[in-house]
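Everything below belongs to my_file-v8.cif, which stores mmCIF, C-alpha atoms.
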data_entry
#
loop_
_atom_site.group_PDB
_atom_site.id
_atom_site.type_symbol
_atom_site.label_atom_id
_atom_site.label_comp_id
_atom_site.auth_asym_id
_atom_site.auth_seq_id
_atom_site.Cartn_x
_atom_site.Cartn_y
_atom_site.Cartn_z
ATOM 1 C CA MET A 210 11.868 -3.190 8.109
ATOM 2 C CA ARG A 211 10.319 -1.699 4.982
ATOM 3 C CA VAL A 212 8.125 -3.774 2.687
ATOM 4 C CA ILE A 213 10.649 -3.497 -0.133
ATOM 5 C CA ASP A 214 13.358 -4.841 2.179
ATOM 6 C CA HIS A 215 11.143 -7.752 3.253
ATOM 7 C CA ILE A 216 10.571 -8.597 -0.395
ATOM 8 C CA LYS A 217 14.210 -8.338 -1.416
ATOM 9 C CA ASN A 218 15.537 -10.201 1.624
ATOM 10 C CA SER A 219 13.066 -13.085 1.550
ATOM 11 C CA GLN A 220 14.687 -16.391 0.664
ATOM 12 C CA SER A 221 11.451 -17.659 -0.851
ATOM 13 C CA THR A 222 8.208 -16.213 -2.159
ATOM 14 C CA ALA A 223 6.925 -13.912 0.565
ATOM 15 C CA PHE A 224 3.364 -13.983 1.901
ATOM 16 C CA SER A 225 1.199 -10.940 2.633
ATOM 17 C CA PHE A 226 -2.465 -10.135 2.879
ATOM 18 C CA GLU A 227 -4.839 -7.262 3.470
ATOM 19 C CA ILE A 228 -7.553 -6.798 6.050
ATOM 20 C CA LEU A 229 -10.740 -4.774 6.121
ATOM 21 C CA PRO A 230 -11.332 -2.408 9.074
ATOM 22 C CA PRO A 231 -14.360 -3.458 11.156
ATOM 23 C CA LEU A 232 -17.647 -1.693 10.693
ATOM 24 C CA LYS A 233 -18.226 1.312 12.909
ATOM 25 C CA GLY A 234 -18.965 0.214 16.463
ATOM 26 C CA ASN A 235 -17.314 -3.193 16.150
ATOM 27 C CA SER A 236 -14.216 -4.254 18.048
ATOM 28 C CA ILE A 237 -10.746 -4.479 16.517
ATOM 29 C CA GLN A 238 -10.848 -8.089 17.705
ATOM 30 C CA LYS A 239 -12.407 -8.953 14.339
ATOM 31 C CA VAL A 240 -9.186 -7.758 12.705
ATOM 32 C CA TYR A 241 -7.061 -9.693 15.174
ATOM 33 C CA ASN A 242 -9.063 -12.857 14.491
ATOM 34 C CA VAL A 243 -8.131 -12.713 10.801
ATOM 35 C CA ILE A 244 -4.468 -12.053 11.594
ATOM 36 C CA ASP A 245 -4.353 -14.881 14.151
ATOM 37 C CA LYS A 246 -5.740 -17.232 11.511
ATOM 38 C CA LEU A 247 -2.921 -16.370 9.077
ATOM 39 C CA ARG A 248 0.068 -15.631 11.343
ATOM 40 C CA GLU A 249 1.505 -19.145 11.090
ATOM 41 C CA PHE A 250 2.438 -18.506 7.446
ATOM 42 C CA ASP A 251 4.842 -15.707 8.415
ATOM 43 C CA PRO A 252 3.264 -12.707 6.693
ATOM 44 C CA LYS A 253 5.925 -10.141 5.881
ATOM 45 C CA TYR A 254 3.432 -7.305 5.907
ATOM 46 C CA ILE A 255 -0.291 -6.671 6.329
ATOM 47 C CA ASN A 256 -2.235 -4.084 4.334
ATOM 48 C CA ILE A 257 -5.133 -2.162 5.869
ATOM 49 C CA THR A 258 -7.753 -0.862 3.465
ATOM 50 C CA SER A 259 -9.088 2.698 3.728
ATOM 51 C CA HIS A 260 -12.708 3.631 3.137
ATOM 52 C CA HIS A 261 -13.959 7.104 2.424
ATOM 53 C CA SER A 262 -17.164 8.486 3.819
ATOM 54 C CA GLU A 263 -20.275 8.069 1.706
ATOM 55 C CA TYR A 264 -23.290 10.196 0.966
ATOM 56 C CA ILE A 265 -26.705 8.662 1.540
ATOM 57 C CA GLU A 266 -30.105 10.229 1.012
ATOM 58 C CA LYS A 267 -32.334 10.556 4.081
ATOM 59 C CA GLN A 268 -35.898 11.755 4.103
ATOM 60 C CA GLN A 269 -36.548 14.604 6.509
ATOM 61 C CA PRO A 270 -39.723 15.059 8.630
ATOM 62 C CA ASP A 271 -40.997 17.602 6.113
ATOM 63 C CA GLY A 272 -40.655 15.071 3.309
ATOM 64 C CA SER A 273 -37.576 16.652 1.736
ATOM 65 C CA ILE A 274 -34.513 14.578 0.830
ATOM 66 C CA HIS A 275 -31.233 15.552 2.414
ATOM 67 C CA LYS A 276 -27.788 14.163 1.623
ATOM 68 C CA VAL A 277 -25.955 12.975 4.734
ATOM 69 C CA ASN A 278 -22.249 12.169 4.909
ATOM 70 C CA ILE A 279 -21.533 9.004 6.879
ATOM 71 C CA ARG A 280 -18.411 7.018 7.640
ATOM 72 C CA LYS A 281 -18.907 3.301 8.092
ATOM 73 C CA ARG A 282 -15.414 2.179 9.040
ATOM 74 C CA PRO A 283 -12.569 3.593 11.136
ATOM 75 C CA GLY A 284 -9.481 4.937 9.421
ATOM 76 C CA SER A 285 -6.447 2.804 8.700
ATOM 77 C CA VAL A 286 -4.019 4.923 10.766
ATOM 78 C CA ALA A 287 -5.055 3.639 14.196
ATOM 79 C CA ILE A 288 -5.470 0.056 13.004
ATOM 80 C CA ALA A 289 -2.041 0.031 11.337
ATOM 81 C CA SER A 290 -0.431 1.245 14.550
ATOM 82 C CA ALA A 291 -2.324 -1.323 16.628
ATOM 83 C CA ILE A 292 -1.290 -4.193 14.342
ATOM 84 C CA GLN A 293 2.343 -3.160 14.217
ATOM 85 C CA ASN A 294 2.567 -2.788 17.993
ATOM 86 C CA LYS A 295 0.674 -5.980 18.839
ATOM 87 C CA TYR A 296 2.259 -8.336 16.316
ATOM 88 C CA GLY A 297 5.540 -6.717 15.286
ATOM 89 C CA ILE A 298 4.515 -7.179 11.647
ATOM 90 C CA THR A 299 4.992 -4.339 9.175
ATOM 91 C CA ALA A 300 1.631 -2.633 8.664
ATOM 92 C CA VAL A 301 0.770 -0.903 5.392
ATOM 93 C CA PRO A 302 -2.215 1.450 5.515
ATOM 94 C CA HIS A 303 -3.863 2.353 2.239
ATOM 95 C CA ILE A 304 -3.794 6.082 1.555
ATOM 96 C CA ILE A 305 -6.414 7.028 -1.024
ATOM 97 C CA CYS A 306 -7.299 10.164 -2.962
ATOM 98 C CA LYS A 307 -11.049 10.134 -3.054
ATOM 99 C CA GLY A 308 -13.040 10.916 0.052
ATOM 100 C CA PHE A 309 -10.032 12.334 1.888
ATOM 101 C CA THR A 310 -8.975 15.930 1.400
ATOM 102 C CA LYS A 311 -5.367 16.892 0.903
ATOM 103 C CA ASP A 312 -5.391 18.317 4.436
ATOM 104 C CA GLU A 313 -6.789 15.078 5.873
ATOM 105 C CA THR A 314 -4.069 13.175 4.051
ATOM 106 C CA GLU A 315 -1.415 15.432 5.570
ATOM 107 C CA TYR A 316 -2.838 14.857 9.055
ATOM 108 C CA ALA A 317 -2.753 11.090 8.419
ATOM 109 C CA LEU A 318 0.890 11.274 7.307
ATOM 110 C CA ILE A 319 1.785 13.291 10.409
ATOM 111 C CA ASP A 320 0.087 10.732 12.672
ATOM 112 C CA LEU A 321 1.646 7.743 10.899
ATOM 113 C CA ASN A 322 5.102 9.293 11.082
ATOM 114 C CA PHE A 323 4.613 9.936 14.812
ATOM 115 C CA LEU A 324 3.383 6.360 15.391
ATOM 116 C CA GLY A 325 6.303 4.774 13.557
ATOM 117 C CA VAL A 326 4.321 3.431 10.606
ATOM 118 C CA HIS A 327 6.466 4.187 7.556
ATOM 119 C CA ASP A 328 5.035 1.999 4.776
ATOM 120 C CA LEU A 329 2.081 2.990 2.603
ATOM 121 C CA LEU A 330 0.102 1.808 -0.389
ATOM 122 C CA LEU A 331 -0.998 4.804 -2.465
ATOM 123 C CA LEU A 332 -4.244 4.423 -4.410
ATOM 124 C CA ARG A 333 -6.815 6.603 -6.110
ATOM 125 C CA GLY A 334 -9.724 4.822 -4.445
ATOM 126 C CA ASP A 335 -13.232 4.079 -5.595
ATOM 127 C CA ILE A 336 -15.161 7.114 -6.813
ATOM 128 C CA LYS A 337 -18.433 5.380 -7.693
ATOM 129 C CA THR A 338 -20.169 6.240 -4.411
ATOM 130 C CA LEU A 339 -18.386 9.529 -3.783
ATOM 131 C CA ASP A 340 -19.964 12.935 -4.095
ATOM 132 C CA VAL A 341 -17.420 15.684 -3.481
ATOM 133 C CA GLY A 342 -19.602 18.369 -5.041
ATOM 134 C CA LYS A 343 -18.084 21.819 -5.247
ATOM 135 C CA SER A 344 -15.120 20.748 -3.094
ATOM 136 C CA ALA A 345 -13.494 18.691 -5.853
ATOM 137 C CA ASN A 346 -10.425 20.927 -5.791
ATOM 138 C CA LEU A 347 -9.756 19.804 -2.218
ATOM 139 C CA TYR A 348 -9.076 16.258 -3.365
ATOM 140 C CA HIS A 349 -6.370 14.639 -5.443
ATOM 141 C CA ASN A 350 -7.657 13.402 -8.778
ATOM 142 C CA TYR A 351 -5.112 10.645 -9.323
ATOM 143 C CA ALA A 352 -2.760 8.440 -7.343
ATOM 144 C CA THR A 353 0.190 10.168 -9.002
ATOM 145 C CA ASP A 354 -1.021 13.473 -7.503
ATOM 146 C CA LEU A 355 -1.210 11.845 -4.084
ATOM 147 C CA GLN A 356 2.276 10.453 -4.692
ATOM 148 C CA GLN A 357 3.619 13.968 -5.128
ATOM 149 C CA GLN A 358 2.158 15.031 -1.787
ATOM 150 C CA VAL A 359 3.859 12.087 -0.049
ATOM 151 C CA ASN A 360 7.145 12.875 -1.804
ATOM 152 C CA ASN A 361 6.932 16.474 -0.604
ATOM 153 C CA PHE A 362 6.119 15.334 2.911
ATOM 154 C CA ASN A 363 9.213 13.115 2.839
ATOM 155 C CA LYS A 364 11.216 16.245 2.003
ATOM 156 C CA GLY A 365 9.638 18.137 4.904
ATOM 157 C CA ILE A 366 7.419 20.309 2.705
ATOM 158 C CA ALA A 367 3.865 20.868 3.948
ATOM 159 C CA LEU A 368 0.824 21.454 1.765
ATOM 160 C CA ASP A 369 1.040 25.197 2.321
ATOM 161 C CA GLY A 370 4.684 25.193 1.252
ATOM 162 C CA SER A 371 6.055 25.659 4.760
ATOM 163 C CA ILE A 372 9.034 23.613 5.903
ATOM 164 C CA PHE A 373 8.895 21.295 8.895
ATOM 165 C CA GLU A 374 11.300 18.895 10.595
ATOM 166 C CA GLY A 375 10.958 15.472 12.122
ATOM 167 C CA ILE A 376 10.933 13.198 9.063
ATOM 168 C CA ASP A 377 13.771 10.991 10.249
ATOM 169 C CA THR A 378 12.316 7.991 8.396
ATOM 170 C CA PRO A 379 10.659 8.922 5.092
ATOM 171 C CA PHE A 380 7.681 6.923 3.896
ATOM 172 C CA SER A 381 8.283 4.013 1.572
ATOM 173 C CA TYR A 382 5.352 3.071 -0.623
ATOM 174 C CA GLY A 383 3.965 0.811 -3.275
ATOM 175 C CA MET A 384 1.312 1.598 -5.882
ATOM 176 C CA ALA A 385 -1.178 -0.304 -8.015
ATOM 177 C CA CYS A 386 -0.887 -1.674 -11.538
ATOM 178 C CA TYR A 387 -3.320 -3.451 -13.837
ATOM 179 C CA PRO A 388 -2.303 -6.496 -15.922
ATOM 180 C CA GLU A 389 -5.669 -6.405 -17.694
ATOM 181 C CA LYS A 390 -5.949 -2.604 -17.933
ATOM 182 C CA HIS A 391 -7.610 -0.213 -15.520
ATOM 183 C CA GLU A 392 -11.340 0.095 -16.186
ATOM 184 C CA GLU A 393 -10.963 3.748 -17.234
ATOM 185 C CA ALA A 394 -7.757 3.398 -19.239
ATOM 186 C CA PRO A 395 -8.178 3.704 -23.017
ATOM 187 C CA ASN A 396 -5.647 0.927 -23.622
ATOM 188 C CA LEU A 397 -2.950 -1.138 -21.938
ATOM 189 C CA GLU A 398 -0.236 1.176 -23.255
ATOM 190 C CA SER A 399 -1.749 3.931 -21.132
ATOM 191 C CA ASP A 400 -1.483 1.736 -18.047
ATOM 192 C CA ILE A 401 2.143 0.965 -18.863
ATOM 193 C CA TYR A 402 2.843 4.695 -19.150
ATOM 194 C CA TYR A 403 1.388 5.455 -15.719
ATOM 195 C CA ALA A 404 3.168 2.489 -14.151
ATOM 196 C CA LYS A 405 6.425 3.973 -15.443
ATOM 197 C CA GLU A 406 5.497 7.367 -14.012
ATOM 198 C CA LYS A 407 4.737 5.871 -10.609
ATOM 199 C CA VAL A 408 8.095 4.101 -10.476
ATOM 200 C CA LYS A 409 10.020 7.064 -11.868
ATOM 201 C CA ASN A 410 8.551 9.253 -9.132
ATOM 202 C CA GLY A 411 9.370 6.928 -6.271
ATOM 203 C CA ALA A 412 7.187 3.812 -6.001
ATOM 204 C CA ASP A 413 9.325 1.012 -4.542
ATOM 205 C CA TYR A 414 7.116 -1.748 -5.877
ATOM 206 C CA LEU A 415 3.846 -2.336 -7.718
ATOM 207 C CA VAL A 416 0.930 -4.535 -6.658
ATOM 208 C CA THR A 417 -1.449 -5.852 -9.298
ATOM 209 C CA GLN A 418 -5.198 -5.794 -9.391
ATOM 210 C CA MET A 419 -6.584 -9.298 -8.951
ATOM 211 C CA PHE A 420 -6.247 -11.635 -11.917
ATOM 212 C CA PHE A 421 -7.098 -15.285 -12.531
ATOM 213 C CA ASP A 422 -5.036 -15.973 -15.647
ATOM 214 C CA ASN A 423 -1.308 -16.063 -14.899
ATOM 215 C CA SER A 424 -0.422 -15.607 -18.553
ATOM 216 C CA LYS A 425 -1.862 -12.078 -18.332
ATOM 217 C CA TYR A 426 0.451 -11.315 -15.409
ATOM 218 C CA TYR A 427 3.528 -12.791 -17.112
ATOM 219 C CA ALA A 428 2.894 -10.830 -20.309
ATOM 220 C CA PHE A 429 2.344 -7.639 -18.321
ATOM 221 C CA VAL A 430 5.567 -8.051 -16.327
ATOM 222 C CA GLU A 431 7.483 -8.699 -19.542
ATOM 223 C CA ARG A 432 6.071 -5.471 -20.990
ATOM 224 C CA LEU A 433 7.146 -3.570 -17.875
ATOM 225 C CA ARG A 434 10.644 -5.026 -17.993
ATOM 226 C CA ASN A 435 10.959 -4.125 -21.665
ATOM 227 C CA GLU A 436 10.071 -0.548 -20.675
ATOM 228 C CA GLY A 437 12.882 -0.518 -18.120
ATOM 229 C CA ILE A 438 10.729 -0.983 -15.013
ATOM 230 C CA THR A 439 12.747 -3.158 -12.640
ATOM 231 C CA VAL A 440 10.870 -2.852 -9.313
ATOM 232 C CA PRO A 441 9.090 -5.928 -7.912
ATOM 233 C CA VAL A 442 5.628 -6.492 -9.381
ATOM 234 C CA ILE A 443 3.615 -8.288 -6.711
ATOM 235 C CA PRO A 444 0.743 -10.457 -7.980
ATOM 236 C CA GLY A 445 -2.553 -9.832 -6.182
ATOM 237 C CA ILE A 446 -4.646 -12.972 -5.695
ATOM 238 C CA LYS A 447 -8.297 -13.157 -4.668
ATOM 239 C CA PRO A 448 -9.927 -16.562 -4.138
ATOM 240 C CA ILE A 449 -13.461 -16.825 -5.474
ATOM 241 C CA VAL A 450 -15.932 -17.626 -2.679
ATOM 242 C CA PHE A 451 -19.358 -16.909 -4.224
ATOM 243 C CA ILE A 452 -21.027 -18.231 -7.369
ATOM 244 C CA ASN A 453 -22.049 -14.750 -8.498
ATOM 245 C CA GLN A 454 -18.410 -13.645 -8.621
ATOM 246 C CA LEU A 455 -18.242 -15.398 -11.990
ATOM 247 C CA THR A 456 -20.038 -12.363 -13.414
ATOM 248 C CA VAL A 457 -19.537 -9.730 -10.702
ATOM 249 C CA LEU A 458 -15.722 -9.649 -10.686
ATOM 250 C CA PRO A 459 -15.297 -9.184 -14.450
ATOM 251 C CA LYS A 460 -17.916 -6.430 -14.365
ATOM 252 C CA ILE A 461 -16.448 -4.494 -11.428
ATOM 253 C CA PHE A 462 -12.719 -5.148 -11.769
ATOM 254 C CA ARG A 463 -12.415 -6.078 -15.459
ATOM 255 C CA SER A 464 -10.680 -9.299 -14.398
ATOM 256 C CA GLU A 465 -11.218 -12.005 -16.994
ATOM 257 C CA ILE A 466 -12.283 -15.431 -15.715
ATOM 258 C CA PRO A 467 -10.474 -18.124 -17.766
ATOM 259 C CA GLU A 468 -12.829 -20.646 -19.335
ATOM 260 C CA PRO A 469 -11.512 -23.656 -17.323
ATOM 261 C CA LEU A 470 -12.348 -21.775 -14.099
ATOM 262 C CA ALA A 471 -15.630 -20.420 -15.480
ATOM 263 C CA SER A 472 -16.646 -23.924 -16.533
ATOM 264 C CA GLU A 473 -16.099 -25.288 -13.020
ATOM 265 C CA LEU A 474 -17.977 -22.393 -11.439
ATOM 266 C CA ARG A 475 -20.958 -22.938 -13.719
ATOM 267 C CA LYS A 476 -21.239 -26.459 -12.295
ATOM 268 C CA CYS A 477 -21.490 -25.159 -8.729
ATOM 269 C CA LYS A 478 -24.845 -25.407 -6.962
ATOM 270 C CA THR A 479 -23.904 -23.543 -3.776
ATOM 271 C CA ASP A 480 -21.455 -20.905 -2.606
ATOM 272 C CA ASP A 481 -19.625 -23.637 -0.692
ATOM 273 C CA ASP A 482 -19.055 -25.413 -4.005
ATOM 274 C CA ALA A 483 -17.734 -22.173 -5.503
ATOM 275 C CA LYS A 484 -15.461 -21.654 -2.503
ATOM 276 C CA THR A 485 -13.914 -25.114 -3.011
ATOM 277 C CA VAL A 486 -13.351 -24.385 -6.702
ATOM 278 C CA GLY A 487 -11.825 -21.015 -5.822
ATOM 279 C CA ILE A 488 -9.395 -22.548 -3.352
ATOM 280 C CA GLU A 489 -8.223 -25.217 -5.773
ATOM 281 C CA TRP A 490 -7.790 -22.706 -8.600
ATOM 282 C CA SER A 491 -5.823 -20.304 -6.406
ATOM 283 C CA ILE A 492 -3.558 -23.074 -5.112
ATOM 284 C CA GLN A 493 -2.592 -24.071 -8.649
ATOM 285 C CA GLN A 494 -2.308 -20.420 -9.672
ATOM 286 C CA CYS A 495 0.032 -19.672 -6.752
ATOM 287 C CA LYS A 496 2.152 -22.777 -7.320
ATOM 288 C CA ASP A 497 2.662 -21.658 -10.906
ATOM 289 C CA LEU A 498 3.571 -18.126 -9.788
ATOM 290 C CA ILE A 499 6.080 -19.468 -7.272
ATOM 291 C CA ALA A 500 7.655 -21.690 -9.952
ATOM 292 C CA TYR A 501 7.895 -18.578 -12.127
ATOM 293 C CA GLY A 502 9.855 -16.919 -9.340
ATOM 294 C CA VAL A 503 7.580 -14.132 -8.115
ATOM 295 C CA PRO A 504 9.128 -12.371 -5.105
ATOM 296 C CA SER A 505 5.874 -12.238 -3.140
ATOM 297 C CA ILE A 506 2.174 -13.044 -3.365
ATOM 298 C CA HIS A 507 -0.390 -10.649 -1.910
ATOM 299 C CA PHE A 508 -3.835 -11.983 -0.988
ATOM 300 C CA TYR A 509 -7.072 -10.006 -1.030
ATOM 301 C CA THR A 510 -8.858 -11.544 1.949
ATOM 302 C CA LEU A 511 -12.211 -9.726 1.907
ATOM 303 C CA MET A 512 -14.787 -12.452 2.715
ATOM 304 C CA ALA A 513 -12.064 -15.004 1.960
ATOM 305 C CA SER A 514 -9.766 -15.292 4.999
ATOM 306 C CA GLU A 515 -10.534 -19.003 5.495
ATOM 307 C CA SER A 516 -9.866 -19.673 1.806
ATOM 308 C CA VAL A 517 -6.558 -17.801 2.043
ATOM 309 C CA ARG A 518 -5.629 -19.895 5.086
ATOM 310 C CA GLN A 519 -6.207 -23.122 3.158
ATOM 311 C CA ILE A 520 -4.289 -21.819 0.132
ATOM 312 C CA ALA A 521 -1.362 -20.652 2.250
ATOM 313 C CA LYS A 522 -1.286 -24.010 4.048
ATOM 314 C CA ALA A 523 -0.936 -25.742 0.672
ATOM 315 C CA ILE A 524 1.844 -23.532 -0.728
ATOM 316 C CA TYR A 525 3.878 -22.210 2.242
#
Here is the file; what I need is its structure written in the form of C-alpha cells.
Amino acid sequence: MRVIDHIKNSQSTAFSFEILPPLKGNSIQKVYNVIDKLREFDPKYINITSHHSEYIEKQQPDGSIHKVNIRKRPGSVAIASAIQNKYGITAVPHIICKGFTKDETEYALIDLNFLGVHDLLLLRGDIKTLDVGKSANLYHNYATDLQQQVNNFNKGIALDGSIFEGIDTPFSYGMACYPEKHEEAPNLESDIYYAKEKVKNGADYLVTQMFFDNSKYYAFVERLRNEGITVPVIPGIKPIVFINQLTVLPKIFRSEIPEPLASELRKCKTDDDAKTVGIEWSIQQCKDLIAYGVPSIHFYTLMASESVRQIAKAIY
C-alpha cells in the first residue's frame, strides 16, 4: 500500500519514523534494533535517509594534499528492500539530488522498481559538505528537477530520452516543506510557491522540516490551504536529546525554539535532563497536533529512538 493510501485510510493519526543507515562496515542489525523498538506502535511506513559521498583532504607521502571521495554509509535502496521484505512495512527511501548523479538516480529507480519498493521521499539534500567540482551539470540542482526525472521515469522515459517498459507500478512520492522557511529562501512566500509547484507536479503529500512551535505549523498549513494546496501536510517532529541542541538546531535548521522550551533547557545540567525535557515537550506537542486533526506524525529518530519510543507510548 502506498504511503498516501496509509495516510488517507488510517482511522486515527498515523505513526511513522525514519532511520539512519548504519556506518560502513556495520551490520543492518542496528537498523532492525530501532525498528523492533518501535514496531508495537504500528508504523505505517519507515523512511530511510540517503547520504552522499563526501570529500576529505588526505596528506600524501610527498606532503601534498589530495581530495579523496569517501562514502560512509550504504545506500537506501538495499535497506529499503530489506525492511519491506522482513517486516512487511512500507519502506520509503530518500532520493536526493546532491552527491548522486542523474545516472545514479536512474539506476536507483530501476533497482527500486525491480525490488517492489514504490514509495519515495524526494529531497535536494545537504550541499554543505559536497564538492561536485566541474561535474555540477551531472547533478540536479533542486528537488523539483529531481521530481521531473521521477515523473519521466514513471512514464517510461529514460534520461537519454529512450523509451522503456516495465513500470507497472509508478513511484508515489512525498516532498519537503518548511513552516519556518527554508534556510536559503528569501521569504516564506517563496517557500509557498515551491510547495505549490511540488504538488502541482505530482507530490502526493508534504512532510515538514522539524518545528517546535505548533502555531507555526498551523499558520503554514492555513497558508497552503488558502493557496489551494489540499494534499496532506505531515508534521515532522524531532525530540531534543542534547543540551547544545538549544543553539545548534536553530542555527542549522532555522527551527525556532519557543521560550517555554528554551527556558526549561537552560535549566538542564546534563544531556539526560535535556532528553527528559525533550520527551515531555514532544508529548504535549503531539497531543496538540492530534487534537488538531493531523493525519499523521513523522518522527526524526536520529540519536532519539528511545525518546520516540517513550513519546509514542504516551500518545498511541
**OP:** Give me the residues within 12 Å of region 478-495 of chain A as a PyMOL selection string, counting only C-alpha atoms and dropping any in the same chain fewer than 6 places off.
**Re:** chain A and resi 222-224+419-424+426+443-455+466-467+469-472+501-509+512-525
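Between CA of Asn363 (chain A) and CA of Gly375 (chain A) there is a distance of 9.7 Å.
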**OP:** Excluding region 232-246 of chain A and residues on its chain fewer than 2 positions from it, collect all residues at most 10 Å away from it, counting only C-alpha atoms, and give them as a VMD selection string.
**Re:** chain A and resid 226 to 230 248 to 250 252 255 257 280 to 283 288 291 to 292 295 to 296 510 513 to 515 517 to 518
Okay, now the selection with C-alpha atoms, as a compact mmCIF listing (two decimals), in the coordinates of the input?
# COMPACT_ATOMS: atom_id res chain seq x y z
CA PHE A 226 -2.46 -10.14 2.88
CA GLU A 227 -4.84 -7.26 3.47
CA ILE A 228 -7.55 -6.80 6.05
CA LEU A 229 -10.74 -4.77 6.12
CA PRO A 230 -11.33 -2.41 9.07
CA ARG A 248 0.07 -15.63 11.34
CA GLU A 249 1.50 -19.14 11.09
CA PHE A 250 2.44 -18.51 7.45
CA PRO A 252 3.26 -12.71 6.69
CA ILE A 255 -0.29 -6.67 6.33
CA ILE A 257 -5.13 -2.16 5.87
CA ARG A 280 -18.41 7.02 7.64
CA LYS A 281 -18.91 3.30 8.09
CA ARG A 282 -15.41 2.18 9.04
CA PRO A 283 -12.57 3.59 11.14
CA ILE A 288 -5.47 0.06 13.00
CA ALA A 291 -2.32 -1.32 16.63
CA ILE A 292 -1.29 -4.19 14.34
CA LYS A 295 0.67 -5.98 18.84
CA TYR A 296 2.26 -8.34 16.32
CA THR A 510 -8.86 -11.54 1.95
CA ALA A 513 -12.06 -15.00 1.96
CA SER A 514 -9.77 -15.29 5.00
CA GLU A 515 -10.53 -19.00 5.50
CA VAL A 517 -6.56 -17.80 2.04
CA ARG A 518 -5.63 -19.90 5.09
Subject >> Selection as a ChimeraX atom specification: residues within 12 Å of (7.7, 6.3, -8.2), counting only C-alpha atoms >> reply: /A:330-331,352-357,359-360,381-385,403-415,438-440
Produce a file of the selected residues containing C-alpha atoms, as an mmCIF file, keeping the file's coordinate frame.
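Heads up, here's the output in selection_8.cif:
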data_model
loop_
_atom_site.group_PDB
_atom_site.id
_atom_site.type_symbol
_atom_site.label_atom_id
_atom_site.label_comp_id
_atom_site.auth_asym_id
_atom_site.auth_seq_id
_atom_site.Cartn_x
_atom_site.Cartn_y
_atom_site.Cartn_z
ATOM 1 C CA LEU A 330 0.102 1.808 -0.389
ATOM 2 C CA LEU A 331 -0.998 4.804 -2.465
ATOM 3 C CA ALA A 352 -2.760 8.440 -7.343
ATOM 4 C CA THR A 353 0.190 10.168 -9.002
ATOM 5 C CA ASP A 354 -1.021 13.473 -7.503
ATOM 6 C CA LEU A 355 -1.210 11.845 -4.084
ATOM 7 C CA GLN A 356 2.276 10.453 -4.692
ATOM 8 C CA GLN A 357 3.619 13.968 -5.128
ATOM 9 C CA VAL A 359 3.859 12.087 -0.049
ATOM 10 C CA ASN A 360 7.145 12.875 -1.804
ATOM 11 C CA SER A 381 8.283 4.013 1.572
ATOM 12 C CA TYR A 382 5.352 3.071 -0.623
ATOM 13 C CA GLY A 383 3.965 0.811 -3.275
ATOM 14 C CA MET A 384 1.312 1.598 -5.882
ATOM 15 C CA ALA A 385 -1.178 -0.304 -8.015
ATOM 16 C CA TYR A 403 1.388 5.455 -15.719
ATOM 17 C CA ALA A 404 3.168 2.489 -14.151
ATOM 18 C CA LYS A 405 6.425 3.973 -15.443
ATOM 19 C CA GLU A 406 5.497 7.367 -14.012
ATOM 20 C CA LYS A 407 4.737 5.871 -10.609
ATOM 21 C CA VAL A 408 8.095 4.101 -10.476
ATOM 22 C CA LYS A 409 10.020 7.064 -11.868
ATOM 23 C CA ASN A 410 8.551 9.253 -9.132
ATOM 24 C CA GLY A 411 9.370 6.928 -6.271
ATOM 25 C CA ALA A 412 7.187 3.812 -6.001
ATOM 26 C CA ASP A 413 9.325 1.012 -4.542
ATOM 27 C CA TYR A 414 7.116 -1.748 -5.877
ATOM 28 C CA LEU A 415 3.846 -2.336 -7.718
ATOM 29 C CA ILE A 438 10.729 -0.983 -15.013
ATOM 30 C CA THR A 439 12.747 -3.158 -12.640
ATOM 31 C CA VAL A 440 10.870 -2.852 -9.313
#
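Taking CA of Ser464 (chain A) and CA of Gln418 (chain A) as endpoints, the distance between them is 8.2 Å.
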Subject >> CA of Met210 (chain A) to CA of Thr310 (chain A), distance in Å rounded to a single decimal >> reply: 29.1 Å
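Considering all atoms listed in the file, the residue among A:Asn294, A:Cys306, A:Ser285, A:Leu474 positioned nearest to Pro231 (chain A) is A:Ser285.
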**OP:** Evaluate the PyMOL selection byres ((chain A and resi 366-372) around 12) here and jot the selected residues down as a VMD selection string.
**Re:** chain A and resid 310 to 316 318 to 319 347 355 357 to 365 373 to 376
Using only the atoms of region 402-406 of chain A listed in the file, plus 4 Å on each side, state the axis-aligned box centre and edge lengths in Å rounded to one decimal, as JSON.
{"center_x": 3.9, "center_y": 4.9, "center_z": -16.6, "size_x": 13.0, "size_y": 12.9, "size_z": 13.1}
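If you measure from each of A:Ala289, A:Ile401, A:Val416, A:Leu458 to Gly325 (chain A) using all atoms listed in the file, the closest one turns out to be A:Ala289.
Selecting by distance to (1.3, 2.4, -18.9) with a limit of 10 Å and using all atoms listed in the file, one obtains Cys386, Tyr387, Lys390, His391, Ala394, Asn396, Leu397, Glu398, Ser399, Asp400, Ile401, Tyr402, Tyr403, Ala404, Lys405, Glu406, Lys407, Arg432, Leu433 and Glu436 of chain A.
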**OP:** Rank A:Lys253, A:Arg434, A:His349, A:Arg463 by their smallest atom-to-atom distance to Lys217 (chain A), using only C-alpha atoms, and report the top residue only.
**Re:** A:Lys253
**OP:** With a distance cut-off of 10 Å and all atoms listed in the file, select the neighbouring residues of His327 (chain A), excluding the residue or stretch itself and same-chain residues fewer than 4 positions from it, and output the selection as number ranges by chain.
**Re:** A: 210-212, 299-302, 318, 321-323, 378-382
